$ cat protein23.pdb   # PDB, C-alpha atoms and all ligand atoms
ATOM      1  CA  MET A   1      -0.462  24.698  21.511
ATOM      2  CA  GLU A   2      -0.521  23.594  25.134
ATOM      3  CA  PRO A   3       1.862  25.538  27.394
ATOM      4  CA  LEU A   4       5.316  24.116  28.045
ATOM      5  CA  ASP A   5       6.039  23.961  31.776
ATOM      6  CA  ARG A   6       9.700  23.301  32.527
ATOM      7  CA  SER A   7       9.429  23.675  36.294
ATOM      8  CA  ALA A   8      11.259  21.115  38.395
ATOM      9  CA  ILE A   9       9.093  21.886  41.444
ATOM     10  CA  TRP A  10       5.612  23.290  42.060
ATOM     11  CA  PRO A  11       4.286  25.013  45.183
ATOM     12  CA  TYR A  12       2.491  22.962  47.803
ATOM     13  CA  VAL A  13      -1.243  23.452  48.128
ATOM     14  CA  ASP A  14      -2.361  24.212  51.697
ATOM     15  CA  GLY A  15       0.934  22.830  52.972
ATOM     16  CA  GLU A  16       0.547  19.542  51.048
ATOM     17  CA  PRO A  17       2.005  18.374  47.711
ATOM     18  CA  GLY A  18      -0.466  19.120  44.890
ATOM     19  CA  ALA A  19      -0.965  17.187  41.641
ATOM     20  CA  TYR A  20       2.591  18.175  40.631
ATOM     21  CA  TYR A  21       5.381  18.925  43.071
ATOM     22  CA  TYR A  22       8.642  17.420  41.772
ATOM     23  CA  GLN A  23       9.303  16.760  38.102
ATOM     24  CA  ARG A  24      10.535  13.174  38.481
ATOM     25  CA  TYR A  25       7.088  12.205  39.826
ATOM     26  CA  GLY A  26       5.265  13.812  36.925
ATOM     27  CA  HIS A  27       4.847  17.110  35.114
ATOM     28  CA  PRO A  28       1.863  18.781  33.418
ATOM     29  CA  THR A  29       3.326  18.817  29.899
ATOM     30  CA  GLY A  30       4.141  15.106  30.112
ATOM     31  CA  ALA A  31       0.712  14.314  31.527
ATOM     32  CA  GLU A  32      -0.933  16.215  28.654
ATOM     33  CA  ALA A  33       1.104  14.327  26.058
ATOM     34  CA  GLU A  34       0.344  11.010  27.797
ATOM     35  CA  ARG A  35      -3.368  11.821  27.736
ATOM     36  CA  ALA A  36      -3.220  12.602  24.011
ATOM     37  CA  LEU A  37      -1.296   9.423  23.118
ATOM     38  CA  GLY A  38      -3.395   7.293  25.480
ATOM     39  CA  ALA A  39      -6.579   8.552  23.786
ATOM     40  CA  LEU A  40      -5.205   7.591  20.355
ATOM     41  CA  GLU A  41      -4.184   4.125  21.566
ATOM     42  CA  GLY A  42      -7.081   3.394  23.895
ATOM     43  CA  GLY A  43      -4.936   2.824  27.028
ATOM     44  CA  SER A  44      -2.749   4.473  29.678
ATOM     45  CA  ALA A  45       0.359   5.996  28.108
ATOM     46  CA  LEU A  46       3.642   6.624  29.908
ATOM     47  CA  LEU A  47       6.528   8.567  28.380
ATOM     48  CA  PHE A  48      10.208   7.646  28.616
ATOM     49  CA  PRO A  49      13.328   9.472  27.426
ATOM     50  CA  SER A  50      13.661   7.183  24.358
ATOM     51  CA  GLY A  51      12.187   4.067  22.789
ATOM     52  CA  ALA A  52      15.077   2.060  24.224
ATOM     53  CA  ALA A  53      14.384   3.493  27.695
ATOM     54  CA  ALA A  54      10.711   2.518  27.355
ATOM     55  CA  THR A  55      11.767  -1.021  26.408
ATOM     56  CA  ALA A  56      14.255  -1.321  29.282
ATOM     57  CA  ALA A  57      11.831   0.081  31.859
ATOM     58  CA  LEU A  58       9.025  -2.215  30.734
ATOM     59  CA  VAL A  59      10.983  -5.458  30.950
ATOM     60  CA  LEU A  60      12.734  -4.502  34.184
ATOM     61  CA  ALA A  61       9.476  -3.506  35.864
ATOM     62  CA  LEU A  62       7.539  -6.505  34.593
ATOM     63  CA  LEU A  63       9.945  -9.445  34.722
ATOM     64  CA  GLU A  64      12.078 -11.235  37.305
ATOM     65  CA  PRO A  65      15.628 -12.585  36.959
ATOM     66  CA  GLY A  66      15.412 -15.972  35.223
ATOM     67  CA  ASP A  67      12.407 -14.959  33.090
ATOM     68  CA  THR A  68      12.531 -15.429  29.335
ATOM     69  CA  ILE A  69      11.407 -13.024  26.632
ATOM     70  CA  ALA A  70      10.333 -14.409  23.255
ATOM     71  CA  LEU A  71      11.504 -11.719  20.861
ATOM     72  CA  ALA A  72      10.559 -11.471  17.185
ATOM     73  CA  ARG A  73      13.735 -12.216  15.228
ATOM     74  CA  ASP A  74      13.030  -9.359  12.813
ATOM     75  CA  ALA A  75      12.443  -6.779  15.538
ATOM     76  CA  TYR A  76      14.535  -3.593  15.609
ATOM     77  CA  TYR A  77      18.087  -4.830  16.195
ATOM     78  CA  GLY A  78      18.587  -2.430  19.120
ATOM     79  CA  THR A  79      15.934  -4.327  21.068
ATOM     80  CA  SER A  80      17.894  -7.585  20.930
ATOM     81  CA  VAL A  81      21.100  -5.685  21.753
ATOM     82  CA  LEU A  82      19.373  -4.254  24.818
ATOM     83  CA  PHE A  83      18.015  -7.640  25.903
ATOM     84  CA  ARG A  84      21.509  -9.120  25.508
ATOM     85  CA  GLU A  85      22.799  -6.360  27.793
ATOM     86  CA  LEU A  86      20.197  -7.341  30.386
ATOM     87  CA  GLU A  87      21.269 -10.994  30.334
ATOM     88  CA  ARG A  88      23.892 -10.054  32.927
ATOM     89  CA  TRP A  89      20.959  -9.281  35.236
ATOM     90  CA  GLY A  90      19.351 -12.670  34.724
ATOM     91  CA  LEU A  91      16.889 -11.907  31.927
ATOM     92  CA  GLN A  92      16.967 -14.343  29.039
ATOM     93  CA  PHE A  93      15.590 -14.005  25.550
ATOM     94  CA  VAL A  94      14.969 -16.316  22.630
ATOM     95  CA  GLU A  95      14.263 -15.153  19.105
ATOM     96  CA  PHE A  96      11.448 -16.582  16.998
ATOM     97  CA  ASP A  97       9.816 -16.083  13.615
ATOM     98  CA  GLN A  98       6.970 -13.703  14.357
ATOM     99  CA  THR A  99       4.966 -14.875  11.339
ATOM    100  CA  GLY A 100       4.339 -18.034  13.396
ATOM    101  CA  ALA A 101       3.616 -18.876  17.049
ATOM    102  CA  PRO A 102       5.955 -17.779  19.878
ATOM    103  CA  PRO A 103       7.754 -20.493  21.904
ATOM    104  CA  GLY A 104       5.481 -21.933  24.558
ATOM    105  CA  ASP A 105       7.550 -21.374  27.702
ATOM    106  CA  ALA A 106       8.219 -17.614  27.371
ATOM    107  CA  ASP A 107       7.262 -15.224  30.182
ATOM    108  CA  LEU A 108       6.820 -12.261  27.821
ATOM    109  CA  VAL A 109       6.170 -12.132  24.079
ATOM    110  CA  TRP A 110       7.641  -9.188  22.134
ATOM    111  CA  ILE A 111       6.605  -8.622  18.529
ATOM    112  CA  GLU A 112       6.912  -5.642  16.192
ATOM    113  CA  SER A 113       4.559  -4.541  13.443
ATOM    114  CA  PRO A 114       5.769  -3.973  10.863
ATOM    115  CA  SER A 115       9.310  -4.929  11.815
ATOM    116  CA  ASN A 116      12.083  -2.397  11.261
ATOM    117  CA  PRO A 117      13.601  -2.645   8.692
ATOM    118  CA  LEU A 118      12.413  -5.890   7.091
ATOM    119  CA  LEU A 119       8.689  -5.110   7.332
ATOM    120  CA  THR A 120       7.451  -8.514   8.429
ATOM    121  CA  VAL A 121       4.009  -8.523  10.031
ATOM    122  CA  PRO A 122       3.426 -10.781  13.043
ATOM    123  CA  ASP A 123       0.788 -13.455  13.347
ATOM    124  CA  PHE A 124      -1.282 -11.444  15.835
ATOM    125  CA  ASP A 125      -3.649 -14.298  16.666
ATOM    126  CA  ALA A 126      -0.827 -16.731  17.466
ATOM    127  CA  ALA A 127       0.880 -14.106  19.661
ATOM    128  CA  ALA A 128      -2.371 -13.275  21.466
ATOM    129  CA  ALA A 129      -3.082 -16.972  22.086
ATOM    130  CA  HIS A 130       0.166 -17.260  24.086
ATOM    131  CA  PRO A 131      -0.479 -17.132  27.859
ATOM    132  CA  ALA A 132       2.334 -14.619  28.546
ATOM    133  CA  PRO A 133       1.816 -10.837  28.415
ATOM    134  CA  LEU A 134       2.127  -9.516  24.878
ATOM    135  CA  VAL A 135       4.079  -6.407  23.833
ATOM    136  CA  ILE A 136       3.698  -4.958  20.341
ATOM    137  CA  ASP A 137       6.253  -2.397  19.215
ATOM    138  CA  SER A 138       4.149  -0.383  16.778
ATOM    139  CA  THR A 139       6.647   2.398  16.116
ATOM    140  CA  ALA A 140       6.317   2.063  12.352
ATOM    141  CA  SER A 141       2.520   1.663  12.370
ATOM    142  CA  THR A 142       1.572   4.424  14.816
ATOM    143  CA  PRO A 143      -2.013   4.376  16.153
ATOM    144  CA  ILE A 144      -3.137   5.553  12.712
ATOM    145  CA  TYR A 145      -2.545   2.063  11.297
ATOM    146  CA  LEU A 146      -2.487  -0.206  14.344
ATOM    147  CA  ARG A 147      -3.951  -0.045  17.835
ATOM    148  CA  PRO A 148      -2.096  -2.908  19.555
ATOM    149  CA  LEU A 149      -4.426  -3.059  22.566
ATOM    150  CA  GLU A 150      -7.267  -3.897  20.180
ATOM    151  CA  ARG A 151      -5.118  -6.805  18.932
ATOM    152  CA  ASP A 152      -5.052  -8.202  22.480
ATOM    153  CA  ALA A 153      -1.645  -6.765  23.338
ATOM    154  CA  ASP A 154      -1.075  -5.860  26.973
ATOM    155  CA  PHE A 155       1.406  -3.141  26.046
ATOM    156  CA  ALA A 156       2.127  -1.020  22.994
ATOM    157  CA  VAL A 157       5.652   0.360  22.720
ATOM    158  CA  HIS A 158       6.768   3.321  20.613
ATOM    159  CA  SER A 159       9.933   5.019  19.656
ATOM    160  CA  ALA A 160       8.235   8.419  19.509
ATOM    161  CA  THR A 161      11.496   9.663  18.009
ATOM    162  CA  LYS A 162      10.051   8.499  14.681
ATOM    163  CA  TYR A 163       6.611   9.162  13.156
ATOM    164  CA  LEU A 164       4.914  10.253  16.384
ATOM    165  CA  GLY A 165       7.391  13.120  16.762
ATOM    166  CA  GLY A 166       7.606  13.576  13.023
ATOM    167  CA  HIS A 167      10.198  16.356  12.789
ATOM    168  CA  HIS A 168      13.406  14.515  13.793
ATOM    169  CA  ASP A 169      14.004  16.927  16.660
ATOM    170  CA  LEU A 170      13.125  14.807  19.690
ATOM    171  CA  LEU A 171      14.215  11.562  21.325
ATOM    172  CA  LEU A 172      11.321   9.973  23.171
ATOM    173  CA  GLY A 173       9.657   6.654  23.919
ATOM    174  CA  ALA A 174       6.304   5.491  25.208
ATOM    175  CA  VAL A 175       4.584   2.458  26.671
ATOM    176  CA  VAL A 176       0.793   2.275  26.465
ATOM    177  CA  CYS A 177      -0.754  -0.129  28.988
ATOM    178  CA  ARG A 178      -4.087  -1.897  28.725
ATOM    179  CA  ASP A 179      -4.278  -2.435  32.455
ATOM    180  CA  ALA A 180      -4.356   0.495  34.913
ATOM    181  CA  GLN A 181      -2.541  -1.526  37.599
ATOM    182  CA  ALA A 182       0.312  -2.348  35.226
ATOM    183  CA  ALA A 183       0.509   1.337  34.309
ATOM    184  CA  GLU A 184       0.747   2.248  37.998
ATOM    185  CA  ARG A 185       3.546  -0.279  38.555
ATOM    186  CA  LEU A 186       5.437   1.099  35.561
ATOM    187  CA  ARG A 187       4.893   4.677  36.696
ATOM    188  CA  GLU A 188       6.293   3.795  40.132
ATOM    189  CA  PHE A 189       9.317   2.100  38.550
ATOM    190  CA  ARG A 190       9.845   5.162  36.354
ATOM    191  CA  THR A 191       9.736   7.523  39.310
ATOM    192  CA  ARG A 192      12.121   5.412  41.386
ATOM    193  CA  THR A 193      14.650   4.879  38.614
ATOM    194  CA  GLY A 194      14.293   8.413  37.243
ATOM    195  CA  ILE A 195      13.852   7.170  33.658
ATOM    196  CA  VAL A 196      11.684  10.189  33.019
ATOM    197  CA  ALA A 197      11.035  12.115  29.788
ATOM    198  CA  ALA A 198      11.659  15.865  29.932
ATOM    199  CA  PRO A 199       8.858  18.425  29.396
ATOM    200  CA  ASP A 200      10.430  19.746  26.159
ATOM    201  CA  ALA A 201      10.281  16.344  24.476
ATOM    202  CA  ALA A 202       6.719  15.814  25.717
ATOM    203  CA  TRP A 203       5.722  19.168  24.239
ATOM    204  CA  LEU A 204       7.275  18.246  20.897
ATOM    205  CA  LEU A 205       5.287  15.021  20.964
ATOM    206  CA  LEU A 206       2.095  17.020  21.508
ATOM    207  CA  ARG A 207       3.007  19.108  18.496
ATOM    208  CA  GLY A 208       3.710  15.979  16.419
ATOM    209  CA  LEU A 209       0.455  14.260  17.340
ATOM    210  CA  LYS A 210      -1.557  17.179  15.980
ATOM    211  CA  THR A 211      -0.382  16.423  12.436
ATOM    212  CA  LEU A 212       0.122  12.659  12.764
ATOM    213  CA  GLU A 213      -2.870  11.630  10.695
ATOM    214  CA  VAL A 214      -2.091  13.875   7.705
ATOM    215  CA  ARG A 215       1.604  13.066   7.840
ATOM    216  CA  MET A 216       0.949   9.322   7.874
ATOM    217  CA  ARG A 217      -1.407   9.647   4.929
ATOM    218  CA  ARG A 218       1.278  11.525   3.011
ATOM    219  CA  HIS A 219       4.038   9.083   4.047
ATOM    220  CA  THR A 220       1.880   6.282   2.708
ATOM    221  CA  GLU A 221       1.264   8.007  -0.618
ATOM    222  CA  THR A 222       4.971   8.762  -0.978
ATOM    223  CA  ALA A 223       6.008   5.224  -0.031
ATOM    224  CA  LYS A 224       3.538   3.799  -2.519
ATOM    225  CA  GLU A 225       5.033   5.939  -5.281
ATOM    226  CA  ILE A 226       8.624   5.065  -4.305
ATOM    227  CA  ALA A 227       7.700   1.373  -4.257
ATOM    228  CA  ARG A 228       6.127   1.739  -7.707
ATOM    229  CA  ARG A 229       9.227   3.410  -9.150
ATOM    230  CA  LEU A 230      11.640   0.963  -7.520
ATOM    231  CA  GLY A 231       9.484  -1.914  -8.729
ATOM    232  CA  GLU A 232       9.997  -0.707 -12.292
ATOM    233  CA  HIS A 233      13.733  -0.051 -11.953
ATOM    234  CA  PRO A 234      15.830  -2.663 -13.784
ATOM    235  CA  GLY A 235      18.577  -2.547 -11.148
ATOM    236  CA  VAL A 236      16.308  -3.473  -8.265
ATOM    237  CA  GLU A 237      15.525  -7.101  -7.597
ATOM    238  CA  ARG A 238      13.243  -6.858  -4.602
ATOM    239  CA  VAL A 239      11.125  -4.105  -3.103
ATOM    240  CA  ARG A 240      10.062  -4.464   0.476
ATOM    241  CA  TYR A 241       6.724  -2.792   0.695
ATOM    242  CA  LEU A 242       3.753  -3.872   2.743
ATOM    243  CA  VAL A 243       0.923  -3.607   0.261
ATOM    244  CA  ARG A 244       2.420  -3.926  -3.125
ATOM    245  CA  ARG A 245       5.104  -6.339  -4.210
ATOM    246  CA  GLY A 246       7.710  -5.061  -6.646
ATOM    247  CA  ARG A 247       7.831  -6.656 -10.057
ATOM    248  CA  ARG A 248      10.904  -8.591 -10.990
ATOM    249  CA  SER A 249      12.908  -7.026 -13.738
ATOM    250  CA  ARG A 250      13.501  -8.955 -16.943
ATOM    251  CA  ARG A 251      16.995  -7.547 -17.168
ATOM    252  CA  ARG A 252      19.688  -9.112 -15.031
ATOM    253  CA  PRO A 253      19.960  -7.019 -11.880
ATOM    254  CA  HIS A 254      23.384  -5.584 -11.160
ATOM    255  CA  ARG A 255      22.709  -5.555  -7.434
ATOM    256  CA  ARG A 256      21.429  -8.664  -5.752
ATOM    257  CA  ASP A 257      19.506  -7.109  -2.940
ATOM    258  CA  LEU A 258      19.219  -3.858  -1.079
ATOM    259  CA  ASP A 259      18.740  -5.623   2.214
ATOM    260  CA  PRO A 260      21.743  -4.702   4.414
ATOM    261  CA  HIS A 261      21.091  -7.736   6.645
ATOM    262  CA  ASP A 262      21.672 -10.027   3.709
ATOM    263  CA  PRO A 263      25.162 -11.541   4.123
ATOM    264  CA  GLU A 264      25.468 -11.486   0.349
ATOM    265  CA  CYS A 265      25.101  -7.721   0.331
ATOM    266  CA  HIS A 266      28.866  -7.250   0.520
ATOM    267  CA  GLU A 267      30.528  -4.092   1.726
ATOM    268  CA  PRO A 268      31.558  -2.844  -1.744
ATOM    269  CA  ARG A 269      27.998  -3.271  -2.955
ATOM    270  CA  ARG A 270      26.595  -1.549   0.053
ATOM    271  CA  ARG A 271      28.977   1.333  -0.411
ATOM    272  CA  ARG A 272      27.525   1.869  -3.862
ATOM    273  CA  LEU A 273      24.235   2.801  -2.209
ATOM    274  CA  ARG A 274      25.920   5.724  -0.438
ATOM    275  CA  PRO A 275      23.206   6.595   2.066
ATOM    276  CA  ARG A 276      23.294  10.317   2.629
ATOM    277  CA  ASP A 277      20.978  10.911   5.574
ATOM    278  CA  PRO A 278      20.496   8.777   8.665
ATOM    279  CA  PRO A 279      16.962   7.372   8.580
ATOM    280  CA  SER A 280      14.647   9.196  10.958
ATOM    281  CA  LEU A 281      11.274   7.686   9.974
ATOM    282  CA  GLY A 282       9.067  10.686   9.871
ATOM    283  CA  GLY A 283      11.164  13.773   9.304
ATOM    284  CA  ARG A 284       9.806  16.551   7.153
ATOM    285  CA  PRO A 285      12.324  16.837   4.270
ATOM    286  CA  SER A 286      12.379  13.924   1.865
ATOM    287  CA  PRO A 287      15.755  12.174   1.425
ATOM    288  CA  GLY A 288      15.992  13.369  -2.173
ATOM    289  CA  LYS A 289      15.178  16.982  -1.496
ATOM    290  CA  PRO A 290      16.803  18.603   1.511
ATOM    291  CA  ASP A 291      15.038  21.667   2.775
ATOM    292  CA  PRO A 292      16.707  25.074   2.374
ATOM    293  CA  ALA A 293      18.205  25.081   5.891
ATOM    294  CA  GLU A 294      19.843  21.716   5.250
ATOM    295  CA  ARG A 295      21.082  22.861   1.837
ATOM    296  CA  ARG A 296      22.680  25.885   3.499
ATOM    297  CA  ALA A 297      24.271  23.647   6.153
ATOM    298  CA  ARG A 298      25.667  21.389   3.422
ATOM    299  CA  ARG A 299      27.118  24.324   1.495
ATOM    300  CA  ARG A 300      28.728  25.535   4.714
ATOM    301  CA  ARG A 301      30.197  22.122   5.334
ATOM    302  CA  ARG A 302      31.536  21.896   1.786
ATOM    303  CA  SER A 303      33.179  25.283   2.224
ATOM    304  CA  LEU A 304      35.052  23.961   5.268
ATOM    305  CA  GLY A 305      37.102  21.608   3.116
ATOM    306  CA  ARG A 306      38.155  18.115   4.029
ATOM    307  CA  PRO A 307      40.444  18.338   7.063
ATOM    308  CA  ARG A 308      38.309  20.876   8.883
ATOM    309  CA  ARG A 309      35.147  19.028   7.994
ATOM    310  CA  SER A 310      36.345  15.956   9.837
ATOM    311  CA  ALA A 311      37.437  18.155  12.728
ATOM    312  CA  CYS A 312      33.884  19.304  13.318
ATOM    313  CA  GLY A 313      32.268  15.910  12.657
ATOM    314  CA  GLY A 314      30.382  17.512   9.810
ATOM    315  CA  CYS A 315      28.791  14.498   8.163
ATOM    316  CA  ASN A 316      25.454  15.106   9.844
ATOM    317  CA  PRO A 317      23.184  17.412   7.846
ATOM    318  CA  HIS A 318      21.356  18.373  11.014
ATOM    319  CA  VAL A 319      24.465  19.714  12.718
ATOM    320  CA  THR A 320      25.424  23.317  12.255
ATOM    321  CA  CYS A 321      29.164  23.488  11.619
ATOM    322  CA  HIS A 322      31.483  26.215  12.771
ATOM    323  CA  ARG A 323      34.907  26.846  11.398
ATOM    324  CA  VAL A 324      37.480  25.067  13.526
ATOM    325  CA  ARG A 325      40.913  26.620  13.536
TER     326      ARG A 325
HETATM  327  C1  LIG B 401      10.940  -0.205  16.030
HETATM  328  C2  LIG B 401      11.832   0.524  16.981
HETATM  329  N1  LIG B 401      11.686   0.345  18.304
HETATM  330  C3  LIG B 401      12.470   0.991  19.197
HETATM  331  C4  LIG B 401      13.479   1.836  18.775
HETATM  332  C5  LIG B 401      14.360   2.519  19.791
HETATM  333  O1  LIG B 401      13.927   3.837  19.890
HETATM  334  P1  LIG B 401      14.865   5.085  20.314
HETATM  335  O2  LIG B 401      15.874   5.245  19.221
HETATM  336  O3  LIG B 401      13.887   6.213  20.421
HETATM  337  O4  LIG B 401      15.515   4.714  21.609
HETATM  338  C6  LIG B 401      13.676   2.043  17.411
HETATM  339  C7  LIG B 401      14.746   2.944  16.933
HETATM  340  O5  LIG B 401      15.073   2.998  15.765
HETATM  341  C8  LIG B 401      12.829   1.378  16.490
HETATM  342  O6  LIG B 401      12.972   1.534  15.165
END
$ encode --input "protein23.pdb" --output "C-alpha cells" --more "lines below"
Ligand SMILES: Cc1ncc(COP(=O)(O)O)c(C=O)c1O
Amino acid sequence: MEPLDRSAIWPYVDGEPGAYYYQRYGHPTGAEAERALGALEGGSALLFPSGAAATAALVLALLEPGDTIALARDAYYGTSVLFRELERWGLQFVEFDQTGAPPGDADLVWIESPSNPLLTVPDFDAAAAHPAPLVIDSTASTPIYLRPLERDADFAVHSATKYLGGHHDLLLGAVVCRDAQAAERLREFRTRTGIVAAPDAAWLLLRGLKTLEVRMRRHTETAKEIARRLGEHPGVERVRYLVRRGRRSRRRPHRRDLDPHDPECHEPRRRRLRPRDPPSLGGRPSPGKPDPAERRARRRRRSLGRPRRSACGGCNPHVTCHRVR
C-alpha cells in the first residue's frame, strides 16, 4: 500500500514552498488517490470530504446566483435536499424525467446512472445534446460499469463512501473533470473554502480501488441471484433490477410494492420489512450474514437490555457499545 502521510505542513525547499506545504492546498496521499481515480475515469479527479460536499462544491464553483440546475427527478434524494438548501443563495433547480430530454433553459444538467434507489438509467444522448455542462453522478455504476466522460459528461460525481470505498469505513466524495481548467477552478475553490478530504479517507479510497473490479463483479453476481430469488417469491410484485425483470407471481401478492417512495407503501407495511442494517452500497458483509465482529457486537448489545441499549444508541451494528450506568 502507498504510505499514509498525515502531515499538516511540509518543509520548504530552498526557502520556497515545495509541491506540498500546507494540507488544505493538497497532500500526497490525496494526490495519489486522485491520480488512481482519475486514471480509472479518464479525467482529473478531485476529492472532497463526502459525496454531498463534492456536489455542493461543484455547483457553487461552477454556477452563479440566478442559474438553474436541471436535476433528474430520480436522483439521490439528498441531492435535491442540498439544492433546495442552496436556493437561499440564488441557485434554482427544476426536476425532470431523466429518461427523456432535460429542460432547454437549464444552466447545468445533473443526471444519475443508475439512480439511487429507483435504478432508472438516463437518456445519455439527450443529456449530452443539451448545451449546458453535464454532470453524471455515477456512484452506483463506478468506473467499472460507466465512464461518464466517455458519455460526453463534463463532470463525473461519486459518493466514494459507497462502492469505491467498499468497506463502509470512510466518508468521501469525488468530482472527475474532463477539462483541466475546470479542475483548476474547482481545486482553487476547494482550497479557499477548505472543503478538503483528509489523508486517512484518501488512503482508504486507495485501498478500496485496488479491489474495486473484483468486488463489483461479485456484487453483480450476488445482485443477479437476489433478483432471481425475489423474482420467484410469491410475495414480491416487482423487482427493480437493471438487467433482468422479475416475473410476476400468479398468487396474489400480500405486499403491493417494496418501493419506499411509493405513497401506497404505507407505514405499517413498511414496518413489516424491518430493515436491519443501514444500506452502505459496497460493504463487505452481506445483509443476511453479519461477519463475526458484527455478531459479537450484536450479542453485546442484546446483553445490555432495553433501557441501557437506548442509552448508548445501540441500534447501529457498526458501533461498539459500552455499558452505561
Ligand atoms: C448517488 C449518490 N450521490 C451522492 C450521495 C451523497 O454522498 P455522501 O453520503 O458520501 O455525502 C449519495 C449518498 O447516499 C448517493 O447515493
$ residues_near_ligand --input "protein23.pdb" --ligand "ligand LIG 401 (chain B)" --cutoff "7 Å" --atoms "all atoms listed in the file" --output "VMD selection string"
chain A and resid 50 to 53 75 to 76 78 to 79 112 115 to 116 137 to 140 158 to 161 171 to 173
$ resolve_selection --input "protein23.pdb" --expression "the PyMOL selection byres (((chain A and resi 186) around 9) and not hetatm)" --output "mmCIF file with C-alpha atoms, keeping the file's coordinate frame"
data_model
loop_
_atom_site.group_PDB
_atom_site.id
_atom_site.type_symbol
_atom_site.label_atom_id
_atom_site.label_comp_id
_atom_site.auth_asym_id
_atom_site.auth_seq_id
_atom_site.Cartn_x
_atom_site.Cartn_y
_atom_site.Cartn_z
ATOM 1 C CA LEU A 46 3.642 6.624 29.908
ATOM 2 C CA ALA A 57 11.831 0.081 31.859
ATOM 3 C CA LEU A 58 9.025 -2.215 30.734
ATOM 4 C CA ALA A 61 9.476 -3.506 35.864
ATOM 5 C CA LEU A 62 7.539 -6.505 34.593
ATOM 6 C CA GLN A 181 -2.541 -1.526 37.599
ATOM 7 C CA ALA A 182 0.312 -2.348 35.226
ATOM 8 C CA ALA A 183 0.509 1.337 34.309
ATOM 9 C CA GLU A 184 0.747 2.248 37.998
ATOM 10 C CA ARG A 185 3.546 -0.279 38.555
ATOM 11 C CA ARG A 187 4.893 4.677 36.696
ATOM 12 C CA GLU A 188 6.293 3.795 40.132
ATOM 13 C CA PHE A 189 9.317 2.100 38.550
ATOM 14 C CA ARG A 190 9.845 5.162 36.354
ATOM 15 C CA THR A 191 9.736 7.523 39.310
#
$ atom_distance --input "protein23.pdb" --atom1 "atom CA of Leu108 of chain A" --atom2 "atom CA of Arg192 of chain A"
22.9 Å
$ resolve_selection --input "protein23.pdb" --expression "the PyMOL selection byres (((chain A and resi 141) around 12) and not hetatm)" --output "mmCIF file with C-alpha atoms, in the frame of the given file"
data_model
loop_
_atom_site.group_PDB
_atom_site.id
_atom_site.type_symbol
_atom_site.label_atom_id
_atom_site.label_comp_id
_atom_site.auth_asym_id
_atom_site.auth_seq_id
_atom_site.Cartn_x
_atom_site.Cartn_y
_atom_site.Cartn_z
ATOM 1 C CA GLU A 41 -4.184 4.125 21.566
ATOM 2 C CA GLU A 112 6.912 -5.642 16.192
ATOM 3 C CA SER A 113 4.559 -4.541 13.443
ATOM 4 C CA PRO A 114 5.769 -3.973 10.863
ATOM 5 C CA SER A 115 9.310 -4.929 11.815
ATOM 6 C CA ASN A 116 12.083 -2.397 11.261
ATOM 7 C CA LEU A 119 8.689 -5.110 7.332
ATOM 8 C CA THR A 120 7.451 -8.514 8.429
ATOM 9 C CA VAL A 121 4.009 -8.523 10.031
ATOM 10 C CA ILE A 136 3.698 -4.958 20.341
ATOM 11 C CA ASP A 137 6.253 -2.397 19.215
ATOM 12 C CA SER A 138 4.149 -0.383 16.778
ATOM 13 C CA THR A 139 6.647 2.398 16.116
ATOM 14 C CA ALA A 140 6.317 2.063 12.352
ATOM 15 C CA THR A 142 1.572 4.424 14.816
ATOM 16 C CA PRO A 143 -2.013 4.376 16.153
ATOM 17 C CA ILE A 144 -3.137 5.553 12.712
ATOM 18 C CA TYR A 145 -2.545 2.063 11.297
ATOM 19 C CA LEU A 146 -2.487 -0.206 14.344
ATOM 20 C CA ARG A 147 -3.951 -0.045 17.835
ATOM 21 C CA PRO A 148 -2.096 -2.908 19.555
ATOM 22 C CA ALA A 156 2.127 -1.020 22.994
ATOM 23 C CA VAL A 157 5.652 0.360 22.720
ATOM 24 C CA HIS A 158 6.768 3.321 20.613
ATOM 25 C CA SER A 159 9.933 5.019 19.656
ATOM 26 C CA ALA A 160 8.235 8.419 19.509
ATOM 27 C CA LYS A 162 10.051 8.499 14.681
ATOM 28 C CA TYR A 163 6.611 9.162 13.156
ATOM 29 C CA LEU A 164 4.914 10.253 16.384
ATOM 30 C CA LEU A 212 0.122 12.659 12.764
ATOM 31 C CA GLU A 213 -2.870 11.630 10.695
ATOM 32 C CA MET A 216 0.949 9.322 7.874
ATOM 33 C CA ARG A 217 -1.407 9.647 4.929
ATOM 34 C CA HIS A 219 4.038 9.083 4.047
ATOM 35 C CA THR A 220 1.880 6.282 2.708
ATOM 36 C CA LEU A 242 3.753 -3.872 2.743
ATOM 37 C CA LEU A 281 11.274 7.686 9.974
ATOM 38 C CA GLY A 282 9.067 10.686 9.871
#
$ atom_distance --input "protein23.pdb" --atom1 "atom CA of Gly231 of chain A" --atom2 "atom CA of Arg295 of chain A"
29.3 Å
$ residues_around --input "protein23.pdb" --residues "segment 24-39 of chain A" --least-positions-apart "4" --cutoff "7 Å" --atoms "only C-alpha atoms" --output "count of residues only"
17
$ resolve_selection --input "protein23.pdb" --expression "the PyMOL selection byres (((chain A and resi 223-227) around 8) and not hetatm)" --output "mmCIF file with C-alpha atoms, in the frame of the given file"
data_model
loop_
_atom_site.group_PDB
_atom_site.id
_atom_site.type_symbol
_atom_site.label_atom_id
_atom_site.label_comp_id
_atom_site.auth_asym_id
_atom_site.auth_seq_id
_atom_site.Cartn_x
_atom_site.Cartn_y
_atom_site.Cartn_z
ATOM 1 C CA HIS A 219 4.038 9.083 4.047
ATOM 2 C CA THR A 220 1.880 6.282 2.708
ATOM 3 C CA GLU A 221 1.264 8.007 -0.618
ATOM 4 C CA THR A 222 4.971 8.762 -0.978
ATOM 5 C CA ARG A 228 6.127 1.739 -7.707
ATOM 6 C CA ARG A 229 9.227 3.410 -9.150
ATOM 7 C CA LEU A 230 11.640 0.963 -7.520
ATOM 8 C CA GLY A 231 9.484 -1.914 -8.729
ATOM 9 C CA VAL A 239 11.125 -4.105 -3.103
ATOM 10 C CA ARG A 240 10.062 -4.464 0.476
ATOM 11 C CA TYR A 241 6.724 -2.792 0.695
ATOM 12 C CA ARG A 244 2.420 -3.926 -3.125
ATOM 13 C CA GLY A 246 7.710 -5.061 -6.646
#
$ atom_distance --input "protein23.pdb" --atom1 "atom CA of Ala201 of chain A" --atom2 "atom CA of Phe48 of chain A"
9.6 Å
$ residues_around --input "protein23.pdb" --residues "Asp107 of chain A" --least-positions-apart "3" --cutoff "12 Å" --atoms "only C-alpha atoms" --output "JSON, numbers by chain"
{"A": [59, 62, 63, 64, 65, 66, 67, 68, 69, 70, 71, 91, 92, 93, 94, 102, 103, 104, 110, 130, 131, 132, 133, 134, 135]}
